[in-house]
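Undergrad: The structure follows.
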Amino acid sequence: MTTDWILQQLINGLALGAIYALIALGYTMVYGVLRFINFAHSDVLMLGAFAAYYLTKNIPALATPGVGNALIVILLSAAICAIIGMTIEFLAYRPLRKRPRLTVLITAIGVSLFIEFTGQHEKVFGAATKPFPQLLPTTDVALWGLHISSNDLVVLLLTGILLLALWYIVQRTKIGMAMRAVSYNEQAAALMGVNVNGIISFTFALGSALAAVAGIFYSMRSPGIEPLMGIQPGLRAFIAAVLGGIGNLPGAALGGVVLGLLETFFGGLPGLSSYRDGIAFALLILILMFRPAGLLGKLQPEKV
Amino acid sequence: MRGREKLFLLIAIVAAVGLSFASGSFNRYYLGIAIDVGINIILAVSLNLINGHTGQFSLGHAGFMAVGGYMAAKLTLVCGPMLPPAAQPFLFLGALLLGGIVAALAGLAVGVPSLRLRGDYLAIVTLGFGEIIRVIFQTSDFFGAATGLVGISKLTSFGWAWGFAAITVYIVASLVNSTYGRGFIAVHDDEIAASAMGINPVRYKVTAFVFGAFFAGIAGGLYAHHKAVLSPGGFDFLKSIEIVVMVILGGMGRTAGVVLAAIILTILPELLRGVSEYRMIIYSLLIIGLMLTRPQGLFTFGKK
């Protein structure tokens with residue numbers, strides 16, 4: 001186990017963790033405003049990857065790899081997923097706004113299954129794995145004797161920018177303030193003139209757009225895309241969100257990075273790689289035993 | 001009241017075993033579905049104790065089922081060839097009980113984190129436990145790793161499945177309707193009020209998990225000796241969801257409704273076999289539609 005190996009795994013882990021963080025933010029934002037786990041989020045990620053796949057396949061101008069084209073594809077996919085996210089919220093979750101949260105949770109599972117099985121139908125995407133198009137010309141960057149894929153660097157850079165942008169939106173804009181208000185107390189926010197439905201729609205759009213970007217990044221690192229590809233990263237990101245304290249934005253980012261690093265380091269150790277799936281969950285359970293509200297979450301005292 | 005319930009149990013077991021002797025004259029396909037129905041009734045009723053009566057949202061029931069199935073199958077695979085045919089039913093009974101007991105121990109392990117966790121966090125931890133159990137079986141060579149166990153003798157008959165279904169319904173119903181069992185419902189309705197009345201919520205939650213897991217383990221053993229093969233993929237998240245949907249559809253905490261839902265949801269996919277490519281799409285739309293229109297469950301008659 002040399003320093004080179006450690007640094008190499010560090011870069012890999014950070015890139016993977018950045019992707020988890022992007023997805024986890026979507027989970028945590030929705031949880032913040034609606035207090036339920038949006039199970040369909042992992043499928044929006046898959047839809048993002050497929051949007052990019054069909055965009056590059058059907059628009060010849062976008063087919064050549066390049067920075068400009070990649071940005072256009074990512075932006076368009078994010079926009080498509082934002083619309084899908086808002087539609088899901090409008091059709092499936094909004095009618096249940098006043099119902100018990102468990103009802104909404106089951107509905108979310110239903111929506112998730114619906115997207116997955118519709119996607120697997122041969123007339124939609126088909127169950128077979130499709131090769132993901134190359135969006136960027138890839139080279140291995142040699143840095144201090146390490147071989148780093150340029151894709152990993154792009155992922156890290158873009159994620160950093162997106163996290164900053166998100167922080168700006170939530171903390172420094174009027175709509176972000178409204179989001180925080182709805183999350184803090186929905187009724188009081190409504191009384192102060194905040195358009196609660198609009199803010200919830202916006203939250204879904206934002207989260208789904210981030211999921212689409214994450215889906216594209218994830219596909220760039222994996223051999224291909226298929227309708228069930230969202231499940232594994234979705235589950236991890238979800239663990240990351242809970243790990244950081246669900247509803248807490250910095251927590252989600254932190255949880256994602258921690259999980260990505262742990263997964264890469266444990267997965268890289270001989271003999272442990274096959275337990276990788278289990279380790280993430282074992283870690284989650286262990287942390288929740290000691291900090292039931294996650295790493296950065298605050299435990300809400302229950303009032304009678 | 002007591003006497004009537006005991007009589008019901010006796011009649012149900014005698015009827016199940018009696019029908020079992022005549023099973024040779026039935027269509028094998030229908031018989032197979034009938035056994036599936038019996039197994040699913042056990043799963044749904046046992047999960048109903050955890051999710052419905054006690055109100056602890058568990059997403060890991062397939063994990064308990066896997067534990068029971070693997071333990072029972074391994075025992076009959078190892079000891080089966082050594083014993084004369086006359087001893088096989090006793091071995092099978094022993095294997096089922098072993099599977100149930102090991103699953104109950106797993107339930108104890110899951111129940112303990114529920115000391116501190118509630119709601120979504122508990123749901124995630126149970127989901128995590130289910131996944132960890134699956135990963136353990138998937139990586140352990142003793143249990144056949146990714147291929148699973150094959151060549152399990154087909155010992156599950158109509159009588160075994162429905163006999164155990166009757167026992168499960170009887171035990172869960174009389175447990176909940178007993179003086180002790182009122183505590184489950186008290187914990188479900190209001191944990192704080194219950195503990196103010198001198199009920200120890202932790203003890204009730206753990207008891208619910210242990211009993212629920214025990215019967216799920218038995219169902220797993222029956223399932224293993226019905227299908228003759230076990231693979232870790234069969235006990236994934238989707239299987240847990242399937243059982244949860246039965247409980248929700250039947251109306252949380254309503255035993256009669258849950259039994260009916262288990263029957264319908266097992267037969268429905270078989271009826272939809274003609275349109276098999278749309279089967280799961282219809283299933284997911286059904287979940288969403290039900291949650292939008294009748295979130296309290298379909299069969300809410302009878303006492304709660």
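Following the order of the structure tokens, chains are lettered A, B, ..., residues in each are numbered from 1, and ligands are numbered from 1.
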As a ChimeraX atom specification, please: the residues near Pro100 in chain A (cut-off 10 Å, only C-alpha atoms, same-chain neighbours under 4 positions excluded).
TA: /A:36,96,104-105 /B:295-296
Undergrad: Which chain A residues are at most 7 Å from chain B (counting only C-alpha atoms), as a list of chain:residue names?
TA: A:Leu96, A:Thr103, A:Thr107, A:Gly110, A:Val111, A:Leu113, A:Phe114, A:Phe117, A:Thr118, A:His121, A:Ser274, A:Tyr275, A:Asp277, A:Gly278, A:Phe281, A:Ile285, A:Met289, A:Pro292
Undergrad: Compare B:Gly221, B:Pro269, B:Gly107, B:Gly181 by their minimum atom-to-atom distance to Gly60 in chain B, counting only C-alpha atoms, and give me the closest one.
TA: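 Looking only at the distances to Gly60 in chain B, the closest residue turns out to be B:Gly107.
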Undergrad: Listing only residues of range 54-162 of chain A within 8 Å of range 199-220 of chain A, what is the closest atom pair and its distance in Å (to one decimal) for each, using only C-alpha atoms, sorted by chain and residue number ascending, as CSV?
TA:
```
residue,atom,partner,partner_atom,distance
A:Ile74,CA,A:Val213,CA,6.2
A:Ser77,CA,A:Ala212,CA,6.3
A:Ala78,CA,A:Ala209,CA,4.2
A:Ala79,CA,A:Ala209,CA,6.3
A:Ile80,CA,A:Ala209,CA,7.9
A:Cys81,CA,A:Ser208,CA,5.5
A:Ala82,CA,A:Ala205,CA,4.0
A:Ile83,CA,A:Ala205,CA,6.5
A:Ile84,CA,A:Ser208,CA,7.8
A:Gly85,CA,A:Phe204,CA,5.5
A:Met86,CA,A:Ser201,CA,5.4
A:Glu89,CA,A:Ser201,CA,7.0
A:Phe90,CA,A:Ser201,CA,7.7
A:Phe132,CA,A:Ser219,CA,6.5
A:Gln134,CA,A:Met220,CA,7.4
A:Leu135,CA,A:Met220,CA,8.0
A:Asn151,CA,A:Met220,CA,7.4
A:Val155,CA,A:Phe217,CA,6.5
```
